[in-house]
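Structure file my_file_2.cif with mmCIF, C-alpha atoms; chains and numbers go by the auth columns:
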```
data_model
#
loop_
_atom_site.group_PDB
_atom_site.id
_atom_site.type_symbol
_atom_site.label_atom_id
_atom_site.label_comp_id
_atom_site.label_asym_id
_atom_site.label_seq_id
_atom_site.Cartn_x
_atom_site.Cartn_y
_atom_site.Cartn_z
_atom_site.B_iso_or_equiv
_atom_site.auth_seq_id
_atom_site.auth_asym_id
ATOM 1 C CA MET A 1 98.825 30.619 55.420 0.00 14 A
ATOM 2 C CA ASP A 2 97.264 33.982 54.642 0.00 15 A
ATOM 3 C CA LYS A 3 99.198 36.454 52.576 0.00 16 A
ATOM 4 C CA LYS A 4 99.227 40.138 53.308 0.00 17 A
ATOM 5 C CA ILE A 5 97.381 42.405 50.935 0.00 18 A
ATOM 6 C CA HIS A 6 97.687 46.121 50.287 0.00 19 A
ATOM 7 C CA VAL A 7 94.473 48.032 50.986 0.00 20 A
ATOM 8 C CA THR A 8 93.725 51.757 50.832 0.00 21 A
ATOM 9 C CA VAL A 9 90.674 53.221 52.561 0.00 22 A
ATOM 10 C CA SER A 10 89.701 56.637 51.209 0.00 23 A
ATOM 11 C CA LEU A 11 87.144 59.049 52.628 0.00 24 A
ATOM 12 C CA PHE A 12 85.866 62.136 50.834 0.00 25 A
ATOM 13 C CA PHE A 13 84.460 65.185 52.601 0.00 26 A
ATOM 14 C CA LYS A 14 82.416 68.284 51.851 0.00 27 A
ATOM 15 C CA ILE A 15 83.276 71.000 54.375 0.00 28 A
ATOM 16 C CA LYS A 16 81.160 74.102 54.967 0.00 29 A
ATOM 17 C CA ASP A 17 82.185 77.511 56.330 0.00 30 A
ATOM 18 C CA ALA A 18 85.920 76.838 56.815 0.00 31 A
ATOM 19 C CA ASP A 19 88.148 79.904 56.441 0.00 32 A
ATOM 20 C CA ILE A 20 90.595 77.943 54.277 0.00 33 A
ATOM 21 C CA PHE A 21 87.802 77.492 51.691 0.00 34 A
ATOM 22 C CA GLY A 22 86.525 81.090 51.811 0.00 35 A
ATOM 23 C CA GLY A 23 84.673 81.244 55.126 0.00 36 A
ATOM 24 C CA THR A 24 80.992 81.426 55.955 0.00 37 A
ATOM 25 C CA GLY A 25 78.699 80.241 53.198 0.00 38 A
ATOM 26 C CA GLU A 26 81.486 78.592 51.173 0.00 39 A
ATOM 27 C CA VAL A 27 82.137 74.904 50.595 0.00 40 A
ATOM 28 C CA GLY A 28 85.410 73.062 50.170 0.00 41 A
ATOM 29 C CA TYR A 29 86.398 69.458 49.618 0.00 42 A
ATOM 30 C CA SER A 30 89.006 67.225 51.182 0.00 43 A
ATOM 31 C CA GLU A 31 90.098 63.605 51.231 0.00 44 A
ATOM 32 C CA SER A 32 91.822 61.308 53.686 0.00 45 A
ATOM 33 C CA LYS A 33 93.492 57.977 52.971 0.00 46 A
ATOM 34 C CA ILE A 34 94.969 55.247 55.078 0.00 47 A
ATOM 35 C CA ASP A 35 97.050 52.380 53.708 0.00 48 A
ATOM 36 C CA PHE A 36 97.214 48.896 55.186 0.00 49 A
ATOM 37 C CA ASN A 37 99.474 45.951 54.498 0.00 50 A
ATOM 38 C CA THR A 38 97.621 43.237 56.362 0.00 51 A
ATOM 39 C CA GLU A 39 96.086 39.798 56.222 0.00 52 A
ATOM 40 C CA ASN A 40 92.644 41.107 57.227 0.00 53 A
ATOM 41 C CA LEU A 41 90.870 44.223 58.471 0.00 54 A
ATOM 42 C CA SER A 42 89.113 42.586 61.411 0.00 55 A
ATOM 43 C CA GLY A 43 90.650 45.052 63.885 0.00 56 A
ATOM 44 C CA PHE A 44 89.734 48.121 61.829 0.00 57 A
ATOM 45 C CA SER A 45 86.500 49.962 62.631 0.00 58 A
ATOM 46 C CA LEU A 46 85.406 52.030 59.649 0.00 59 A
ATOM 47 C CA GLN A 47 82.836 53.825 61.811 0.00 60 A
ATOM 48 C CA LYS A 48 85.441 54.851 64.406 0.00 61 A
ATOM 49 C CA TYR A 49 87.951 55.846 61.736 0.00 62 A
ATOM 50 C CA THR A 50 85.306 57.990 60.033 0.00 63 A
ATOM 51 C CA GLN A 51 84.300 59.722 63.275 0.00 64 A
ATOM 52 C CA ASP A 52 87.964 60.328 64.176 0.00 65 A
ATOM 53 C CA GLN A 53 88.603 61.866 60.743 0.00 66 A
ATOM 54 C CA ILE A 54 85.571 64.163 61.029 0.00 67 A
ATOM 55 C CA LYS A 55 86.653 65.241 64.516 0.00 68 A
ATOM 56 C CA GLY A 56 90.213 65.886 63.325 0.00 69 A
ATOM 57 C CA PHE A 57 89.114 67.929 60.309 0.00 70 A
ATOM 58 C CA ALA A 58 86.703 69.927 62.503 0.00 71 A
ATOM 59 C CA GLU A 59 89.476 70.772 64.977 0.00 72 A
ATOM 60 C CA LEU A 60 92.002 71.584 62.255 0.00 73 A
ATOM 61 C CA LEU A 61 89.601 73.772 60.260 0.00 74 A
ATOM 62 C CA LYS A 62 87.831 75.259 63.304 0.00 75 A
ATOM 63 C CA VAL A 63 84.324 74.307 62.179 0.00 76 A
ATOM 64 C CA PRO A 64 81.647 72.258 63.943 0.00 77 A
ATOM 65 C CA GLU A 65 81.599 68.547 63.112 0.00 78 A
ATOM 66 C CA LYS A 66 78.115 69.017 61.637 0.00 79 A
ATOM 67 C CA ASN A 67 79.745 71.117 58.876 0.00 80 A
ATOM 68 C CA ILE A 68 81.662 68.090 57.607 0.00 81 A
ATOM 69 C CA GLU A 69 79.836 65.591 55.432 0.00 82 A
ATOM 70 C CA ILE A 70 81.064 62.297 53.997 0.00 83 A
ATOM 71 C CA ILE A 71 80.472 62.292 50.235 0.00 84 A
ATOM 72 C CA SER A 72 81.047 59.909 47.352 0.00 85 A
ATOM 73 C CA ARG A 73 84.248 59.810 45.350 0.00 86 A
ATOM 74 C CA GLN A 74 82.196 60.906 42.330 0.00 87 A
ATOM 75 C CA GLU A 75 80.917 64.044 44.083 0.00 88 A
ATOM 76 C CA TYR A 76 84.461 64.808 45.255 0.00 89 A
ATOM 77 C CA GLU A 77 85.901 64.398 41.761 0.00 90 A
ATOM 78 C CA ASP A 78 83.091 66.442 40.211 0.00 91 A
ATOM 79 C CA ASN A 79 83.988 69.350 42.508 0.00 92 A
ATOM 80 C CA THR A 80 87.794 69.217 42.514 0.00 93 A
ATOM 81 C CA ASP A 81 90.596 69.229 39.986 0.00 94 A
ATOM 82 C CA ASP A 82 91.994 65.917 41.291 0.00 95 A
ATOM 83 C CA ASP A 83 92.262 62.983 38.887 0.00 96 A
#
```
Go ahead and express the file in the form of structure tokens.
Amino acid sequence: MDKKIHVTVSLFFKIKDADIFGGTGEVGYSESKIDFNTENLSGFSLQKYTQDQIKGFAELLKVPEKNIEIISRQEYEDNTDDD
């Protein structure tokens, strides 16, 4: 019998030219997280989740998807005040 485990998937983004971060020529940073309580992640597509997150951020922030880049946690932390 498999036991459920708690898993968090975090993505970190660098976003260019969004008004919320100062507009054209400026860069901002954001993060998304999803929590699971599951026995396995076999039904979870990281590639699809990533593309859906980029599309959602692009629509929300009114920037092209090409202006949103996946970055490392280290780069995110180096550029934000988050702990």
Using only C-alpha atoms, the residue out of A:Glu44, A:Glu72, A:Glu88, A:Asp65 with shortest distance to Ala31 in chain A is A:Glu72
6 Å contact set for Ile28 in chain A, only C-alpha atoms, chain neighbours under 4 positions out, as a list in words: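 The residues satisfying every condition are Val40, Gly41, Tyr42, Asn80 and Ile81 of chain A.
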Chain and number of each residue from the PyMOL selection byres ((chain A and resi 45-47) around 9), as a count of residues only: 12
From the options A:Lys27, A:Gly35, A:Ser55, A:Lys17, which residue's atoms come nearest to Ile84 in chain A, counting only C-alpha atoms?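 Going through A:Lys27, A:Gly35, A:Ser55, A:Lys17 one by one, the smallest distance to Ile84 in chain A is for A:Lys27.
Distance check against Gln64 in chain A using only C-alpha atoms: of A:Ser85, A:Lys79, A:Thr93, A:Glu52, the minimum falls on A:Lys79.
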Of the listed residues A:Ala71, A:Val76, A:Asp91, A:Asn53, that which approaches Asp15 in chain A most closely, counting all atoms listed in the file: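 Of A:Ala71, A:Val76, A:Asp91, A:Asn53, the one nearest Asp15 in chain A is A:Asn53, counting all atoms listed in the file.
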Please, what is the axis-aligned box for every listed atom of range 47-66 of chain A with 5 Å on each side, as centre and edge lengths in Å to one decimal, as AutoDock Vina command-line options?
```
--center_x 91.2 --center_y 50.8 --center_z 59.1 --size_x 26.6 --size_y 32.1 --size_z 20.7
```
